[in-house]
file coords.txt (compact mmCIF, N, CA and C atoms)
# COMPACT_ATOMS: atom_id res chain seq x y z
N MET A 145 -103.42 -33.67 -0.22
CA MET A 145 -104.85 -33.78 0.01
C MET A 145 -105.46 -32.41 0.24
N VAL A 146 -104.72 -31.53 0.83
CA VAL A 146 -105.23 -30.19 1.10
C VAL A 146 -105.49 -29.45 -0.21
N LEU A 147 -104.59 -29.59 -1.18
CA LEU A 147 -104.79 -28.92 -2.44
C LEU A 147 -106.03 -29.42 -3.15
N THR A 148 -106.28 -30.72 -3.07
CA THR A 148 -107.45 -31.29 -3.69
C THR A 148 -108.72 -30.75 -3.04
N GLU A 149 -108.72 -30.66 -1.71
CA GLU A 149 -109.89 -30.15 -1.01
C GLU A 149 -110.14 -28.69 -1.39
N GLU A 150 -109.07 -27.90 -1.48
CA GLU A 150 -109.23 -26.50 -1.86
C GLU A 150 -109.75 -26.38 -3.28
N LYS A 151 -109.25 -27.23 -4.16
CA LYS A 151 -109.68 -27.20 -5.55
C LYS A 151 -111.16 -27.56 -5.66
N MET A 152 -111.60 -28.52 -4.85
CA MET A 152 -113.00 -28.92 -4.87
C MET A 152 -113.88 -27.79 -4.34
N LEU A 153 -113.40 -27.07 -3.33
CA LEU A 153 -114.19 -26.00 -2.75
C LEU A 153 -114.33 -24.82 -3.69
N THR A 154 -113.32 -24.60 -4.53
CA THR A 154 -113.36 -23.46 -5.44
C THR A 154 -113.78 -23.87 -6.84
N ASN A 155 -114.24 -25.10 -7.00
CA ASN A 155 -114.65 -25.63 -8.30
C ASN A 155 -113.52 -25.57 -9.31
N GLY A 156 -112.29 -25.68 -8.83
CA GLY A 156 -111.14 -25.69 -9.73
C GLY A 156 -110.74 -24.33 -10.24
N GLU A 157 -111.43 -23.28 -9.83
CA GLU A 157 -111.11 -21.94 -10.30
C GLU A 157 -110.06 -21.32 -9.39
N PRO A 158 -109.06 -20.68 -9.98
CA PRO A 158 -108.02 -20.06 -9.14
C PRO A 158 -108.57 -18.86 -8.39
N ASP A 159 -108.13 -18.73 -7.15
CA ASP A 159 -108.51 -17.58 -6.34
C ASP A 159 -107.64 -16.39 -6.72
N GLU A 160 -108.01 -15.25 -6.21
CA GLU A 160 -107.20 -14.08 -6.45
C GLU A 160 -105.87 -14.23 -5.73
N VAL A 161 -104.84 -13.60 -6.25
CA VAL A 161 -103.49 -13.73 -5.70
C VAL A 161 -103.44 -13.23 -4.27
N GLU A 162 -104.13 -12.16 -3.96
CA GLU A 162 -104.10 -11.60 -2.62
C GLU A 162 -104.63 -12.60 -1.59
N GLU A 163 -105.69 -13.30 -1.91
CA GLU A 163 -106.26 -14.26 -0.98
C GLU A 163 -105.30 -15.41 -0.73
N GLU A 164 -104.59 -15.87 -1.77
CA GLU A 164 -103.64 -16.96 -1.61
C GLU A 164 -102.50 -16.55 -0.69
N GLU A 165 -102.02 -15.34 -0.84
CA GLU A 165 -100.92 -14.86 -0.01
C GLU A 165 -101.35 -14.77 1.45
N GLU A 166 -102.57 -14.33 1.70
CA GLU A 166 -103.08 -14.24 3.07
C GLU A 166 -103.22 -15.63 3.68
N GLU A 167 -103.66 -16.60 2.89
CA GLU A 167 -103.84 -17.96 3.39
C GLU A 167 -102.50 -18.58 3.75
N GLU A 168 -101.46 -18.28 2.98
CA GLU A 168 -100.15 -18.84 3.26
C GLU A 168 -99.63 -18.33 4.60
N GLU A 169 -99.92 -17.10 4.94
CA GLU A 169 -99.45 -16.51 6.18
C GLU A 169 -100.17 -17.12 7.38
N GLU A 170 -101.44 -17.42 7.24
CA GLU A 170 -102.22 -18.00 8.33
C GLU A 170 -102.15 -19.52 8.23
N LEU A 171 -101.58 -20.14 9.25
CA LEU A 171 -101.49 -21.59 9.27
C LEU A 171 -102.74 -22.16 9.93
N ASP A 172 -103.39 -23.04 9.24
CA ASP A 172 -104.60 -23.68 9.76
C ASP A 172 -104.19 -24.62 10.89
N PRO A 173 -104.71 -24.41 12.09
CA PRO A 173 -104.32 -25.27 13.21
C PRO A 173 -104.70 -26.73 12.99
N LEU A 174 -105.74 -26.99 12.23
CA LEU A 174 -106.15 -28.36 11.97
C LEU A 174 -105.09 -29.11 11.17
N VAL A 175 -104.47 -28.44 10.23
CA VAL A 175 -103.41 -29.06 9.43
C VAL A 175 -102.23 -29.42 10.33
N ALA A 176 -101.87 -28.51 11.22
CA ALA A 176 -100.76 -28.77 12.14
C ALA A 176 -101.08 -29.93 13.08
N ILE A 177 -102.30 -30.00 13.56
CA ILE A 177 -102.70 -31.09 14.45
C ILE A 177 -102.68 -32.42 13.70
N ARG A 178 -103.14 -32.42 12.45
CA ARG A 178 -103.12 -33.66 11.66
C ARG A 178 -101.69 -34.15 11.48
N GLU A 179 -100.78 -33.23 11.19
CA GLU A 179 -99.38 -33.62 11.01
C GLU A 179 -98.81 -34.20 12.30
N GLN A 180 -99.15 -33.61 13.44
CA GLN A 180 -98.68 -34.15 14.72
C GLN A 180 -99.25 -35.55 14.96
N CYS A 181 -100.53 -35.70 14.69
CA CYS A 181 -101.18 -36.98 14.95
C CYS A 181 -100.65 -38.07 14.03
N GLU A 182 -100.25 -37.72 12.83
CA GLU A 182 -99.72 -38.72 11.91
C GLU A 182 -98.40 -39.30 12.40
N GLN A 183 -97.77 -38.64 13.37
CA GLN A 183 -96.49 -39.12 13.91
C GLN A 183 -96.68 -40.04 15.12
N THR A 184 -97.90 -40.19 15.61
CA THR A 184 -98.13 -41.06 16.76
C THR A 184 -97.94 -42.52 16.35
N GLU A 185 -97.67 -43.35 17.33
CA GLU A 185 -97.37 -44.76 17.07
C GLU A 185 -98.51 -45.47 16.33
N HIS A 186 -99.73 -45.22 16.77
CA HIS A 186 -100.88 -45.89 16.15
C HIS A 186 -101.05 -45.47 14.69
N CYS A 187 -100.89 -44.20 14.42
CA CYS A 187 -101.03 -43.71 13.04
C CYS A 187 -99.88 -44.19 12.15
N VAL A 188 -98.69 -44.22 12.71
CA VAL A 188 -97.53 -44.71 11.94
C VAL A 188 -97.75 -46.17 11.56
N HIS A 189 -98.25 -46.95 12.48
CA HIS A 189 -98.53 -48.36 12.20
C HIS A 189 -99.61 -48.50 11.12
N ALA A 190 -100.66 -47.71 11.22
CA ALA A 190 -101.74 -47.76 10.21
C ALA A 190 -101.23 -47.30 8.85
N ARG A 191 -100.37 -46.28 8.82
CA ARG A 191 -99.81 -45.79 7.55
C ARG A 191 -98.91 -46.86 6.93
N GLU A 192 -98.13 -47.56 7.75
CA GLU A 192 -97.27 -48.62 7.23
C GLU A 192 -98.09 -49.73 6.58
N LYS A 193 -99.21 -50.08 7.19
CA LYS A 193 -100.09 -51.09 6.60
C LYS A 193 -100.66 -50.59 5.27
N LEU A 194 -101.05 -49.31 5.24
CA LEU A 194 -101.58 -48.72 4.01
C LEU A 194 -100.52 -48.71 2.91
N GLU A 195 -99.32 -48.30 3.24
CA GLU A 195 -98.25 -48.24 2.24
C GLU A 195 -97.89 -49.64 1.74
N ALA A 196 -97.90 -50.64 2.64
CA ALA A 196 -97.63 -52.01 2.23
C ALA A 196 -98.71 -52.51 1.26
N CYS A 197 -99.94 -52.18 1.56
CA CYS A 197 -101.04 -52.57 0.67
C CYS A 197 -100.90 -51.89 -0.69
N GLU A 198 -100.61 -50.60 -0.68
CA GLU A 198 -100.46 -49.87 -1.95
C GLU A 198 -99.31 -50.44 -2.78
N ALA A 199 -98.21 -50.81 -2.13
CA ALA A 199 -97.08 -51.40 -2.84
C ALA A 199 -97.48 -52.75 -3.43
N ARG A 200 -98.20 -53.55 -2.66
CA ARG A 200 -98.64 -54.86 -3.11
C ARG A 200 -99.58 -54.73 -4.31
N VAL A 201 -100.52 -53.81 -4.22
CA VAL A 201 -101.50 -53.63 -5.31
C VAL A 201 -100.82 -53.08 -6.56
N SER A 202 -99.94 -52.12 -6.40
CA SER A 202 -99.29 -51.52 -7.57
C SER A 202 -98.29 -52.46 -8.22
N SER A 203 -97.82 -53.49 -7.51
CA SER A 203 -96.86 -54.44 -8.08
C SER A 203 -97.55 -55.49 -8.96
N ARG A 204 -98.84 -55.57 -8.86
CA ARG A 204 -99.59 -56.55 -9.64
C ARG A 204 -100.25 -55.87 -10.83
N SER A 205 -100.23 -56.57 -11.97
CA SER A 205 -100.85 -55.98 -13.15
C SER A 205 -102.36 -56.14 -13.15
N GLN A 206 -102.84 -57.26 -12.60
CA GLN A 206 -104.28 -57.47 -12.52
C GLN A 206 -104.63 -57.93 -11.11
N THR A 207 -105.41 -57.12 -10.45
CA THR A 207 -105.86 -57.49 -9.10
C THR A 207 -107.17 -56.79 -8.79
N LEU A 208 -107.96 -57.42 -8.01
CA LEU A 208 -109.21 -56.81 -7.56
C LEU A 208 -109.04 -56.16 -6.19
N GLU A 209 -107.87 -56.37 -5.59
CA GLU A 209 -107.61 -55.85 -4.25
C GLU A 209 -107.53 -54.33 -4.28
N GLU A 210 -108.13 -53.73 -3.30
CA GLU A 210 -108.04 -52.29 -3.10
C GLU A 210 -107.58 -52.07 -1.67
N CYS A 211 -107.14 -50.89 -1.36
CA CYS A 211 -106.63 -50.60 -0.01
C CYS A 211 -107.61 -49.74 0.77
N THR A 212 -108.87 -49.90 0.49
CA THR A 212 -109.89 -49.08 1.13
C THR A 212 -109.90 -49.28 2.65
N GLU A 213 -109.85 -50.52 3.08
CA GLU A 213 -109.89 -50.80 4.52
C GLU A 213 -108.68 -50.18 5.22
N GLU A 214 -107.50 -50.31 4.62
CA GLU A 214 -106.29 -49.75 5.22
C GLU A 214 -106.35 -48.23 5.26
N LEU A 215 -106.89 -47.63 4.20
CA LEU A 215 -107.03 -46.17 4.17
C LEU A 215 -107.98 -45.70 5.26
N PHE A 216 -109.11 -46.38 5.39
CA PHE A 216 -110.07 -45.99 6.43
C PHE A 216 -109.50 -46.19 7.83
N ASP A 217 -108.72 -47.25 8.02
CA ASP A 217 -108.09 -47.48 9.32
C ASP A 217 -107.13 -46.34 9.66
N PHE A 218 -106.34 -45.91 8.68
CA PHE A 218 -105.40 -44.81 8.90
C PHE A 218 -106.16 -43.51 9.20
N LEU A 219 -107.15 -43.19 8.38
CA LEU A 219 -107.91 -41.94 8.59
C LEU A 219 -108.64 -41.96 9.92
N HIS A 220 -109.16 -43.11 10.30
CA HIS A 220 -109.85 -43.22 11.59
C HIS A 220 -108.88 -42.96 12.74
N ALA A 221 -107.70 -43.57 12.67
CA ALA A 221 -106.70 -43.39 13.72
C ALA A 221 -106.28 -41.92 13.82
N ARG A 222 -106.03 -41.30 12.66
CA ARG A 222 -105.61 -39.90 12.66
C ARG A 222 -106.73 -39.00 13.16
N ASP A 223 -107.94 -39.20 12.68
CA ASP A 223 -109.05 -38.34 13.07
C ASP A 223 -109.42 -38.51 14.54
N HIS A 224 -109.23 -39.70 15.08
CA HIS A 224 -109.48 -39.93 16.50
C HIS A 224 -108.53 -39.08 17.33
N CYS A 225 -107.28 -39.07 16.94
CA CYS A 225 -106.28 -38.25 17.64
C CYS A 225 -106.58 -36.76 17.45
N VAL A 226 -106.92 -36.37 16.23
CA VAL A 226 -107.21 -34.96 15.93
C VAL A 226 -108.40 -34.47 16.74
N ALA A 227 -109.42 -35.29 16.85
CA ALA A 227 -110.63 -34.87 17.57
C ALA A 227 -110.32 -34.48 19.01
N HIS A 228 -109.50 -35.28 19.67
CA HIS A 228 -109.17 -34.98 21.06
C HIS A 228 -108.39 -33.67 21.18
N LYS A 229 -107.46 -33.45 20.28
CA LYS A 229 -106.63 -32.24 20.36
C LYS A 229 -107.38 -31.00 19.89
N ALA A 230 -108.19 -31.14 18.84
CA ALA A 230 -108.88 -29.98 18.27
C ALA A 230 -109.94 -29.44 19.22
N PHE A 231 -110.67 -30.31 19.87
CA PHE A 231 -111.73 -29.84 20.76
C PHE A 231 -111.18 -29.19 22.02
N LYS A 232 -109.98 -29.56 22.41
CA LYS A 232 -109.35 -28.88 23.54
C LYS A 232 -109.04 -27.42 23.18
N MET A 233 -108.73 -27.17 21.92
CA MET A 233 -108.39 -25.82 21.47
C MET A 233 -109.62 -24.93 21.37
N ILE A 234 -110.78 -25.53 21.19
CA ILE A 234 -112.01 -24.76 21.02
C ILE A 234 -112.45 -24.08 22.31
N LYS A 235 -112.21 -24.73 23.42
CA LYS A 235 -112.68 -24.22 24.71
C LYS A 235 -112.16 -22.87 25.03
call {"tool": "encode", "arguments": {"input": "coords.txt", "output": "structure tokens"}}
result
Amino acid sequence: MVLTEEKMLTNGEPDEVEEEEEEEEELDPLVAIREQCEQTEHCVHAREKLEACEARVSSRSQTLEECTEELFDFLHARDHCVAHKAFKMIK
């Protein structure tokens, strides 16, 4: 997801090599917090529901079902956790 966001921000144009190397050295704290939050019990449960939905939808050749609700539930759970941790770092 991070690569997609970066691609959207740069309109799909590659950045200079020097800038990419500098970005690799600097770890975005938000990415680290998101990874930590994804390991919490609530997020793991929401991700399991999302993955089950995706498996169910992909196993069917014709279905109107989408996993939008499950995706939003997972993102909400993760972002709720991230918000608490990220704002503590700002102070």
call {"tool": "atom_distance", "arguments": {"input": "coords.txt", "atom1": "CA of Glu213 (chain A)", "atom2": "CA of Arg200 (chain A)"}}
result
14.2 Å
call {"tool": "select_by_dssp", "arguments": {"input": "coords.txt", "residues": "region 172-216 of chain A", "states": "alpha helix (DSSP H)", "output": "number ranges by chain"}}
result
A: 173-181, 185-203, 212-216
call {"tool": "atom_distance", "arguments": {"input": "coords.txt", "atom1": "atom C of Val175 (chain A)", "atom2": "atom N of Phe218 (chain A)"}}
result
17.1 Å
call {"tool": "atom_distance", "arguments": {"input": "coords.txt", "atom1": "atom N of Glu198 (chain A)", "atom2": "atom C of Cys211 (chain A)"}}
result
7.2 Å
call {"tool": "residues_around", "arguments": {"input": "coords.txt", "residues": "Pro173 (chain A)", "least_positions_apart": "5", "cutoff": "8 Å", "atoms": "only N, CA and C atoms", "output": "list in words"}}
result
Arg178, Glu179 and Ala230 of chain A
call {"tool": "closest_residue", "arguments": {"input": "coords.txt", "among": "A:Leu194, A:Leu171, A:Val188, A:Ile177", "to": "Leu215 (chain A)", "atoms": "only C-alpha atoms"}}
result
A:Leu194
call {"tool": "closest_residue", "arguments": {"input": "coords.txt", "among": "A:Arg191, A:Thr207, A:Glu170, A:Ala176", "to": "Leu219 (chain A)", "atoms": "only N, CA and C atoms"}}
result
A:Arg191
call {"tool": "residues_around", "arguments": {"input": "coords.txt", "residues": "Cys187 (chain A)", "least_positions_apart": "5", "cutoff": "6 Å", "atoms": "only C-alpha atoms", "output": "VMD selection string"}}
result
chain A and resid 182 221 to 222
